[in-house]
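Undergrad: Handing you a structure now.
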Amino acid sequence: MARWLKRGIDESERRDIDRGVRDTVEEVIRQIERDGDAAVRALSVKFDGWDREDYRLSPSEIEACLDQLTPGDLDDIRFAQSQVRNFAEIQRASMRDVEEETLPGVFLGHKHIPMDSVGCYVPGGKYPLLASAHMSVVTAKVAGVGRVVTCAPPFGGKPAPAIVAAQHLAGADEIFVLGGIQAVAAMAVGTASIKPVDMLVGPGNAFVAEAKRQLFGRVGIDLFAGPTETLVIADDTVDGELCAVDLLGQAEHGPNSPAILLTTSEKLARDTLAEVARLVAVMPTGKVAGTAWENYGQVIVADGYDDMLGVANELASEHVQVMTDRDEWFLRHMTNYGALFLGPRTNVAYGDKVIGTNHTLPTMKAARYTGGLWVGKFLKTCTYQRVTSDAASTMVGEYCSRLCMLEGFSGHAEQANIRLRRYGRQNVAPYTAARRG
């Protein structure tokens, strides 16, 4: 039976925080629906201190941002994007259109159709998270999306050069310097200056996540996302320093980012607690990471590997770092996770920034029912049917007519009956179920 050496804040406290976020988002969306660009501008000034006549960057402004980066910076961005693009292309190649003759004269199929337009949010108010541009824009373009719009907040009172470069090199068609609720709401609702999109993707803070949740239905979204989560599953094949670095490396995302150590070794658990205390005091982002660890960090000691597996599947964490003497066993048996990072030679930062898998992943136990962002999220799998012979239409029609009448749908039955009369030359009166022959 697993036992907790450390727990985070109570669930009721989290609900109180969420309620305040929900009310704020509802009001902002109402303002944008009512006042359009005027509301977007007022909100941008209020929340970001950022005022422009037009929030879309011009080609010359984009080039000016690229000029602020070194050739090495641009090469690094291109390398990361090539890894993301390569894996997205591998995923796309695994998805094929199909058509099969399922009965004589009956052909069924499906096509994977890219969405017309997608809005990608790139967080950047606290850190310029250019990697989110790779993950969303590159993947959408591989899927074949025709129009990709990006929004990222200003950084230090101006467009973040690295984010702009990443958006542009990834293939974004329209680049806006807008952050927060106003950005995602404007892309979804549409204004005079921003044509609405069909889907919103990309991570963000609690307000961005809540805005996407409230806008879902009006537009599609990639997934319901909360603060970054990390789970480290480890045994005594690794040490406390490695575990602490991997926990704090994700806790620095924000003061409400859960980081959890799950281990079979109480010694490793206590060593990790000591290492966390040491590292928080020296790391540049120690204040943020330390707050997240204090309020949301957990340390769990399990009785054995089966116990660890059960706890891990219950937690359904976004990122799961596995460092044990049986990493492949966890790969075979884990069912609830956003992404797995197997062995001490890899880590969540590789996945976040450069290795090629997508870093937009399910949080808040959504990994129980969905995976993360991938090329398939930008494709609609749409079915079609074709009936090519009178005999096939008659055969299917007889079944359809009878089944429709079992449900009391006489209009549906007549859709079958008229074809029985025309293609089967059967004497079926209008709005009368076909009899069994």
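Ligands are numbered from 1 in the order shown, chains are lettered A, B, ... in the order of the structure tokens, and residues start at 1 in each chain.
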Do a neighbour search on Ile29 of chain A at 8 Å with only C-alpha atoms, toss out local chain neighbours closer than 2 positions, and write the hits as a ChimeraX atom specification.
TA: /A:25-27,31-33,181-182,185,211
Undergrad: Residues near Ser257 of chain A, anyone? I mean within 8 Å using only C-alpha atoms, not counting same-chain ones fewer than 3 positions away, as a list in words.
TA: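 In the requested form, the answer reads Pro227, Thr228, Glu229, Gln250, Ala251, Glu252, His253, Gly254, Ala292, Trp293 and Tyr296 of chain A.
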Undergrad: Pick out the residues sitting within 12 Å of Gly424 of chain A, and hand them over as a list in words; count only C-alpha atoms, and ignore anything fewer than 4 positions along from it in its own chain.
TA: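 Everything that qualifies: Ser389, Asp390, Ala391, Ala392, Ser393, Thr394, Met395, Val396, Gly397, Glu398, Ala416, Asn417, Ile418, Arg419, Leu420, Val428 and Ala434 of chain A.
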Undergrad: Save the residues we just selected, all heavy atoms, as a tab-separated table (two decimals), in the first residue's frame?
TA:
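Result saved to part.tsv:
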```tsv
chain	number	residue	atom	x	y	z
A	389	SER	N	-25.16	-0.81	-57.33
A	389	SER	CA	-26.02	-1.73	-58.10
A	389	SER	C	-27.44	-1.70	-57.54
A	389	SER	O	-27.66	-1.42	-56.35
A	389	SER	CB	-25.49	-3.16	-58.06
A	389	SER	OG	-25.63	-3.72	-56.77
A	390	ASP	N	-28.40	-2.02	-58.41
A	390	ASP	CA	-29.80	-2.10	-57.97
A	390	ASP	C	-29.96	-3.17	-56.91
A	390	ASP	O	-30.68	-2.99	-55.92
A	390	ASP	CB	-30.71	-2.43	-59.17
A	390	ASP	CG	-30.76	-1.29	-60.18
A	390	ASP	OD1	-30.23	-0.20	-59.88
A	390	ASP	OD2	-31.33	-1.52	-61.27
A	391	ALA	N	-29.31	-4.30	-57.10
A	391	ALA	CA	-29.45	-5.41	-56.16
A	391	ALA	C	-28.94	-5.03	-54.77
A	391	ALA	O	-29.56	-5.35	-53.75
A	391	ALA	CB	-28.69	-6.64	-56.67
A	392	ALA	N	-27.84	-4.29	-54.73
A	392	ALA	CA	-27.29	-3.89	-53.43
A	392	ALA	C	-28.22	-2.91	-52.73
A	392	ALA	O	-28.48	-3.01	-51.52
A	392	ALA	CB	-25.91	-3.26	-53.62
A	393	SER	N	-28.76	-1.93	-53.48
A	393	SER	CA	-29.66	-0.96	-52.87
A	393	SER	C	-30.94	-1.63	-52.37
A	393	SER	O	-31.45	-1.31	-51.30
A	393	SER	CB	-30.02	0.13	-53.89
A	393	SER	OG	-30.79	1.14	-53.28
A	394	THR	N	-31.41	-2.62	-53.12
A	394	THR	CA	-32.62	-3.34	-52.72
A	394	THR	C	-32.36	-4.17	-51.46
A	394	THR	O	-33.17	-4.18	-50.52
A	394	THR	CB	-33.09	-4.26	-53.87
A	394	THR	OG1	-33.38	-3.46	-55.01
A	394	THR	CG2	-34.32	-5.05	-53.46
A	395	MET	N	-31.25	-4.87	-51.43
A	395	MET	CA	-30.95	-5.72	-50.28
A	395	MET	C	-30.80	-4.89	-49.01
A	395	MET	O	-31.41	-5.18	-47.98
A	395	MET	CB	-29.68	-6.52	-50.55
A	395	MET	CG	-29.34	-7.54	-49.47
A	395	MET	SD	-28.29	-6.85	-48.17
A	395	MET	CE	-26.78	-6.59	-49.10
A	396	VAL	N	-30.02	-3.84	-49.07
A	396	VAL	CA	-29.84	-2.99	-47.89
A	396	VAL	C	-31.14	-2.29	-47.54
A	396	VAL	O	-31.51	-2.14	-46.36
A	396	VAL	CB	-28.71	-1.96	-48.14
A	396	VAL	CG1	-28.63	-0.97	-46.97
A	396	VAL	CG2	-27.37	-2.65	-48.31
A	397	GLY	N	-31.89	-1.87	-48.58
A	397	GLY	CA	-33.14	-1.15	-48.35
A	397	GLY	C	-34.17	-1.96	-47.59
A	397	GLY	O	-34.92	-1.42	-46.77
A	398	GLU	N	-34.25	-3.26	-47.86
A	398	GLU	CA	-35.23	-4.10	-47.16
A	398	GLU	C	-34.93	-4.13	-45.66
A	398	GLU	O	-35.83	-3.98	-44.83
A	398	GLU	CB	-35.21	-5.52	-47.74
A	398	GLU	CG	-35.83	-5.60	-49.13
A	398	GLU	CD	-35.70	-6.98	-49.74
A	398	GLU	OE1	-34.83	-7.77	-49.26
A	398	GLU	OE2	-36.45	-7.28	-50.69
A	416	ALA	N	-35.91	4.37	-47.67
A	416	ALA	CA	-35.57	3.04	-48.18
A	416	ALA	C	-36.62	2.55	-49.17
A	416	ALA	O	-36.30	1.99	-50.24
A	416	ALA	CB	-35.43	2.06	-47.03
A	417	ASN	N	-37.90	2.77	-48.84
A	417	ASN	CA	-38.99	2.22	-49.66
A	417	ASN	C	-38.98	2.77	-51.08
A	417	ASN	O	-39.24	2.04	-52.05
A	417	ASN	CB	-40.34	2.51	-49.01
A	417	ASN	CG	-40.52	1.76	-47.70
A	417	ASN	OD1	-39.80	0.78	-47.44
A	417	ASN	ND2	-41.45	2.21	-46.87
A	418	ILE	N	-38.69	4.06	-51.22
A	418	ILE	CA	-38.72	4.64	-52.58
A	418	ILE	C	-37.64	4.00	-53.45
A	418	ILE	O	-37.80	3.84	-54.66
A	418	ILE	CB	-38.56	6.18	-52.52
A	418	ILE	CG1	-38.90	6.78	-53.89
A	418	ILE	CG2	-37.16	6.58	-52.05
A	418	ILE	CD1	-38.94	8.31	-53.87
A	419	ARG	N	-36.57	3.58	-52.83
A	419	ARG	CA	-35.50	2.92	-53.60
A	419	ARG	C	-35.87	1.46	-53.89
A	419	ARG	O	-35.48	0.92	-54.94
A	419	ARG	CB	-34.17	3.05	-52.85
A	419	ARG	CG	-33.64	4.47	-52.99
A	419	ARG	CD	-32.64	4.92	-51.97
A	419	ARG	NE	-32.18	6.26	-52.29
A	419	ARG	CZ	-32.83	7.38	-51.93
A	419	ARG	NH1	-33.96	7.30	-51.23
A	419	ARG	NH2	-32.36	8.55	-52.29
A	420	LEU	N	-36.63	0.85	-52.99
A	420	LEU	CA	-37.13	-0.49	-53.29
A	420	LEU	C	-38.06	-0.46	-54.49
A	420	LEU	O	-38.04	-1.35	-55.36
A	420	LEU	CB	-37.85	-1.08	-52.08
A	420	LEU	CG	-36.99	-1.36	-50.84
A	420	LEU	CD1	-37.87	-1.88	-49.70
A	420	LEU	CD2	-35.90	-2.37	-51.16
A	428	VAL	N	-44.05	-1.64	-52.98
A	428	VAL	CA	-44.10	-1.17	-51.59
A	428	VAL	C	-44.80	0.18	-51.59
A	428	VAL	O	-44.34	1.13	-52.22
A	428	VAL	CB	-42.69	-1.03	-50.99
A	428	VAL	CG1	-42.77	-0.56	-49.54
A	428	VAL	CG2	-41.94	-2.35	-51.09
A	434	ALA	N	-41.30	-2.44	-45.79
A	434	ALA	CA	-41.17	-3.61	-46.65
A	434	ALA	C	-41.38	-4.88	-45.84
A	434	ALA	O	-40.93	-4.98	-44.70
A	434	ALA	CB	-39.77	-3.63	-47.27
```
Undergrad: Which is closest to Val245 of chain A among A:Asp198, A:Glu266, A:Glu275, A:Glu210, if we use only C-alpha atoms?
TA: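 Among the listed residues, A:Glu275 lies closest to Val245 of chain A.
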Undergrad: Looking at A:Ala367, A:Ala312, A:Ile77, A:Leu268, which one is nearest to Gly338 of chain A, with distances taken over only C-alpha atoms?
TA: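 Among the listed residues, A:Ala367 lies closest to Gly338 of chain A.
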Undergrad: Compile the contact shell of Lys267 of chain A as a ChimeraX atom specification: residues with an atom at most 10 Å away, counting only C-alpha atoms, same-chain residues fewer than 4 positions apart removed.
TA: /A:235-236,239-240,263,271-273,301
Undergrad: Can you tell me which residues surround Glu314 of chain A at a distance of at most 9 Å, considering only C-alpha atoms, apart from same-chain residues fewer than 2 positions away, and format the answer as JSON, numbers by chain?
TA: {"A": [309, 310, 311, 312, 316, 317, 336, 365, 368]}
Undergrad: Those selected residues, please, written with C-alpha atoms and delivered as a tab-separated table (two decimals), in the first residue's frame.
TA:
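Contents of selection-v5.tsv, as written:
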```
chain	number	residue	atom	x	y	z
A	309	LEU	CA	1.94	1.01	-11.54
A	310	GLY	CA	-1.48	1.25	-9.90
A	311	VAL	CA	-0.73	4.65	-8.36
A	312	ALA	CA	0.74	5.96	-11.63
A	316	ALA	CA	-2.72	9.83	-15.03
A	317	SER	CA	0.00	12.47	-15.15
A	336	ASN	CA	-2.85	6.51	-18.38
A	365	LYS	CA	-6.27	13.17	-15.39
A	368	ARG	CA	-7.51	8.56	-18.92
```
Undergrad: Using the chain letters and numbers from this document, which residues of segment 217-337 of chain A does DSSP assign to helix (DSSP H, G or I), as an MDAnalysis selection string?
TA: chainID A and resid 240:251 266:280 286:296 305:315 327:333
Undergrad: I'd like to know which of A:Arg56, A:Lys287, A:Arg85, A:His110 is closest to Thr383 of chain A, using only C-alpha atoms.
TA: A:His110
Undergrad: With distances taken over only C-alpha atoms, which residue among A:Phe87, A:Tyr431, A:Phe224, A:Phe207 lies nearest Gly356 of chain A?
TA: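 Using only C-alpha atoms, Gly356 of chain A sits closest to A:Phe87.
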Undergrad: Can you pull out every residue within 10 Å of Ala274 of chain A, counting only C-alpha atoms, but drop anything in the same chain fewer than 4 positions away, and send it as a PyMOL selection string?
TA: chain A and resi 240-241+244+268-270+278-279
Undergrad: Mind pulling up the distance from atom CA of Glu294 of chain A to atom CA of Phe47 of chain A?
TA: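 Between atom CA of Phe47 of chain A and atom CA of Glu294 of chain A the gap works out to 27.6 Å.
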Undergrad: Using only C-alpha atoms for the distances, tell me which of A:Lys212, A:Lys380, A:His359, A:Arg402 is nearest to Ala131 of chain A.
TA: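 So, comparing all the options, the nearest one is A:His359.
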Undergrad: Could you check which of A:Ile233, A:Met199, A:Ala225, A:Leu379 is closest to Arg326 of chain A, using only C-alpha atoms?
TA: A:Ile233
Undergrad: Report the distance between atom CA of Pro344 of chain A and atom CA of Ala162 of chain A in Å, rounded to one decimal place.
TA: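 Separating atom CA of Pro344 of chain A from atom CA of Ala162 of chain A is a distance of 29.6 Å.
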